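Engineer: First the structure, then my questions, so here it is.
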Number of protein chains: 2
Amino acid sequence: MPVTTREVHLVAWPKGEPRLDDFTIAERDLPDPGHGELLVRNIALSVDPYMRGKMTGVRTYTDPYELNAPMVGAAVGVVHASGDEDFPKGTVVLHQEGWREHALLTTAEVRPVNVTDSVPASAYLGVLGMPGITAYVGLVHKARMVQGDTVFVSGAAGAVGGIVGQLARLRGAERVIGSAGSAEKVAYVTGELGFDAAFNYKDGPVAEQLAAAAPNGIDVYFDNVGGEHLEAAIGVANDFARFAICGAISGYNATEAPSGPRNMGYLVTKRLGLQGFIVSDEMHLAGEFYRDVAPLVAAGKVEFRETVVDGLDNAPEAFISMLRGGNTGKMVVRLDGGE
Amino acid sequence: MPVTTREVHLVAWPKGEPRLDDFTIAERDLPDPGHGELLVRNIALSVDPYMRGKMTGVRTYTDPYELNAPMVGAAVGVVHASGDEDFPKGTVVLHQEGWREHALLTTAEVRPVNVTDSVPASAYLGVLGMPGITAYVGLVHKARMVQGDTVFVSGAAGAVGGIVGQLARLRGAERVIGSAGSAEKVAYVTGELGFDAAFNYKDGPVAEQLAAAAPNGIDVYFDNVGGEHLEAAIGVANDFARFAICGAISGYNATEAPSGPRNMGYLVTKRLGLQGFIVSDEMHLAGEFYRDVAPLVAAGKVEFRETVVDGLDNAPEAFISMLRGGNTGKMVVRLDGGE
C-alpha cells in the first residue's frame with residue numbers, strides 16, 4: 001500500500017545562520033517497494049555540523065544539497081514493507097535518507113543494526129555511527145595519540161568530542177581536557193564523561209583558560225571548532241604535538257573570512273603537525289572501530305547522551321540549535337514510533 | 001703559536017630588522033691546540049634564516065645567542081694547527097663555530113669534507129649541508145612527495161628552495177612552481193634551476209599569481225615564507241595535499257603577531273596536512289640524503305649558486321641582506337684564503 005510521506009526541503013541557501021524559512025516540509029507519495037527494495041519508516045534522524053557545508057550551493061568535498069528536494073543524512077528506521085526476504089518487516093536499518101519520515105531504499109543502501117537494551121537504535125547515529133568513527137579515526141589515526149599524551153578536545157560535550165575524550169582516557173591519556181559552551185556542559189564533561197578538566201569558552205579568552213587547564217601543555221588536539229580554539233591550542237602545544245582537524249564549527253555560519261591563527265610560526269619551532277580529515281574517506285577503518293569501540297559501548301564504558309527533538313517539523317530547528325551548541329551529546333530528531 | 005682572532009658578537013637583541021650596530025667585532029686570543037684539539041682557520045661562514053630566531057633572547061627549540069659572546073653557526077675551515085694526527089694541517093672540516101676567523105675545536109666537533117673540482121668547500125654550507133638536508137627531508141619525508149605531484153616552493157631562489165625544486169623535478173614531479181622576490185630571481189629559477197613556472201611575489205597578490213601558475217592546483221607545498229604565501233597555498237591546494245612547513249621568513253623580523261591564514265577551514269574540506277619540522281631533529285636521515293643527493297651534485301645535476309660576501313666585517317651585513325632576500329642561492333661569507 002503506497003504511503004504519503006513528509007520530508008524536509010531546503011528552499012534557500014542560508015546566509016549566515018540558517019533560518020527556519022530556509023526550510024519547508026513537503027509531501028511525497030512513495031510506491032510499494034519493488035523487488036530488492038525496502039520501504040523504511042524512519043524513527044531517528046541525524047542533524048550534523050557537516051550539513052551546514054552542504055547548504056552553501058558550492059561543491060567542496062561533497063555535493064551541495066539541491067533546493068526544493070529532500071536532503072540526505074543519516075537515519076535509523078524500521079522496515080515497513082519489504083521486497084527482500086532477508087530484510088523482513090520490523091528490521092531496524094541505518095541508511096542515508098534522513099530528513100524525511102519514510103524512505104524507499106534498495107537493500108544495498110541500508111545496513112541492519114543490532115538494537116539491545118544498552119544500545120538504542122539512535123546510537124547508530126552517534127557513538128556507533130559517523131560521530132563515533134570520526135572520533136576514533138581522528139584520535140587514533142590522525143593525531144596518533146599514544147599513552148601518556150595530554151589530549152585537548154573542543155566541542156567536548158558534542159557528539160564527537162565526548163567520545164574523543166572518553167577514548168583518550170581509555171587509551172591511557174595522561175590528562176584529558178575539554179572545552180564546551182556552558183557551565184552545564186562543563187559539568188557534564190568533567191562529571192559524566194570523566195575528563196580531567198574542562199572550561200566554558202564563553203567565560204574568557206580560550207588561550208588563558210586552556211593554559212590554566214594544561215599546565216604541562218598538550219600533545220594532541222582534536223579540533224571541532226577552529227578559530228580562537230585552534231590558535232590557543234597552537235599556543236600551548238608541546239613540541240611534536242599532533243592536531244586532528246575535524247571541523248571548524250565556529251566558522252560555519254560566518255559570512256566573512258575569519259582571521260586565522262596569528263601564531264603559525266609555532267608550526268616550525270614546535271614541529272607541529274595538523275591533519276585535516278573527513279570520515280567518509282576513512283570507512284576502511286570502520287571495522288577496526290567497531291571491534292574496538294562497540295564492546296566498550298555495550299559494556300557501558302563509553303557514556304553517550306542525546307539531545308532529542310521530537311517530530312519532523314522540528315528538524316530544522318534542531319539543526320539550527322545544534323549549530324548554536326544547543327545540544328549535549330548527539331542531537332537526534334525522533335519521529336513517531338522512535339524509542 | 002697562539003693566534004689572535006676576530007669574531008662577531010651580538011651586543012643587543014634586534015627589534016624588528018637587525019641593524020649593523022646590534023653586532024660588533026671582538027678580538028680573542030686562542031692558544032695552541034692541545035691533544036685531540038684543532039685550531040681551524042675558517043674559509044667560509046654560513047648566515048641562515050634560523051639565526052634570526054636565536055636573536056630574540058627567548059628560548060624556542062634552540063638556545064638564544066648570548067650577548068657579547070661569539071655566535072655559533074656552520075662554517076668550513078682548514079686545519080691550521082693540529083693536536084690529532086688523523087686531522088693533519090690542511091684538512092678541510094665542517095663545524096659549528098662560525099661567525100669568527102679561527103676556532104679551537106675538538107676533533108669530535110668537526111667533520112672532514114671532500115673538496116673537489118665540482119664541489120667547493122662552501123657547498124657543505126649549502127647544497128650538501130644543512131640547507132640541502134632540509135630540502136630533502138621536507139620534500140621526501142614531511143611532504144611525502146610522489147611522482148606526478150605538482151610541487152610549489154616559496155623562497156625558490158634561496159639556499160633551500162632551489163634544491164627543493166630541483167629534487168622535485170628529479171623525483172618525477174608533474175610540475176614545479178616557485179616564488180621569489182625579483183625578476184632576476186624568477187629568471188634564475190625558471191632558467192638555471194629548471195622550474196616549470198615561477199613568479200615574483202612582489203608583483204601582485206600571491207593568491208592570484210599562484211593560481212595562474214598552478215591551473216591544476218598543487219599537491220605539495222614547501223613553505224619557507226609563511227604569511228600570505230601559506231594562505232595562498234592553502235587556497236589552491238588539491239585534496240590531500242601535504243605541506244612541509246620549514247620556515248616563515250616573512251615574519252622573522254615582525255614586531256607584531258602577523259595575521260594568520262583566513263582559510264584554515266580548507267584543512268578539513270581538502271584534508272590538508274601541515275607538518276612543521278626542524279632539520280636538527282632529522283639528522284638520522286643525513287646518510288640517506290648524502291647517498292641520494294651527493295652523486296647528483298657531483299654529476300652537476302643539481303645547480304647551486306652562491307651569493308658571496310667577503311670578510312668577517314661584512315658578515316652582519318650579509319645576514320641582514322639575506323633576511324631581506326638579497327641572496328640568490330646560498331649566502332656565504334668568504335674569509336681570506338677561501339676559494
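Chain lettering (A, B, ...) mirrors the order of the C-alpha cells, residue numbering begins at 1 for each chain separately, and ligand numbering begins at 1 in order of display.
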Using only C-alpha atoms, select each residue of chain B with any atom at most 6 Å away from an atom of chain A, and give the selection as a list in words.
Structural biologist: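 On the chain B side, the interface is Tyr61, Ala257, Pro258, Ser259, Gly260, Pro261, Arg262, Leu267, Val268, Thr269, Arg271, Leu272, Gly273, Leu274, Gln275, Gly276 and Phe277 of chain B.
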Engineer: According to DSSP computed on the backbone, where in segment 98-298 of chain A is there strand (DSSP E or B)? Give the residues as a ChimeraX atom specification.
Structural biologist: /A:100,102-106,111-112,150-153,158,175-180,197-200,218-223,237-245,260,273-276
Engineer: In Å to one decimal, how far is atom CA of Met322 of chain B from atom CA of Ser179 of chain B?
Structural biologist: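 Taking atom CA of Ser179 of chain B and atom CA of Met322 of chain B, their separation equals 16.0 Å.
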Engineer: From the set B:Asp219, B:Glu192, B:Glu228, B:Glu27, which residue has the shortest atom-to-atom contact distance to Ala143 of chain B, counting only C-alpha atoms?
Structural biologist: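 Counting only C-alpha atoms, the residue closest to Ala143 of chain B is B:Asp219.
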Engineer: Taking 3 positions as the minimum chain separation for residues in the same chain, which residues sit within 8 Å of segment 154-157 of chain A when counting only C-alpha atoms? Answer as a PyMOL selection string.
Structural biologist: chain A and resi 160-162+164-165+178-181+185-186+188-189+222-225+229+328-329
Engineer: Of the candidates B:Met51, B:Ile320, B:Ala286, B:Leu38, which one gets nearest to Pro88 of chain B if we count only C-alpha atoms?
Structural biologist: B:Leu38
Engineer: Distance atom CA of Pro112 of chain B-atom CA of His95 of chain B, one decimal place?
Structural biologist: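 According to the coordinates, atom CA of Pro112 of chain B and atom CA of His95 of chain B are separated by 8.9 Å.
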Engineer: Would you list the contacts of Ala211 of chain A as a PyMOL selection string, taking every protein, DNA or RNA residue within 9 Å and counting only C-alpha atoms, but skipping same-chain residues closer than 4 positions in sequence?
Structural biologist: chain A and resi 206-207+215-217+232-233+235-236
Engineer: Excluding same-chain residues fewer than 2 positions from segment 18-21 of chain B, what lies within 7 Å of it counting only C-alpha atoms, as a count of residues only?
Structural biologist: 8
Engineer: Please, which residues of segment 294-329 of chain A, numbered as in this document, come out alpha helix (DSSP H) from DSSP, as a PyMOL selection string?
Structural biologist: chain A and resi 294-298+315-323
Engineer: Could you check how far atom CA of Arg28 of chain A sits from atom CA of Pro131 of chain A, in Å to one decimal?
Structural biologist: 29.9 Å
Engineer: So that I can check the surroundings of segment 65-73 of chain B, please list as a list of chain:residue names every protein, DNA and RNA residue that reaches within 9 Å of it, counting only C-alpha atoms and ignoring chain neighbours fewer than 6 positions away.
Structural biologist: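 Final neighbour list, sorted by chain and number: B:Glu7, B:Val8, B:His9, B:Leu10, B:Val11, B:Ala12, B:Trp13, B:Phe23, B:Thr24, B:Ala26, B:Leu45, B:Ser46, B:Val47, B:Asp48, B:Met51, B:Lys54, B:Met55, B:Thr56, B:Gly57, B:His95, B:Gln96, B:Glu97, B:Gly98, B:Trp99, B:Arg100.
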Engineer: Skipping near chain neighbours, those fewer than 6 positions away, what residues fall within 8 Å of segment 290-305 of chain A using only C-alpha atoms, listed as an MDAnalysis selection string?
Structural biologist: chainID A and resid 118:119 127:128 159 162:163 166:167 192:193 328:330
Engineer: For Leu105 of chain B, which of B:Ser82, B:Asn238, B:Thr134, B:Gln147 is the closest residue, counting only C-alpha atoms?
Structural biologist: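 Selected residue with least distance to Leu105 of chain B: B:Ser82.
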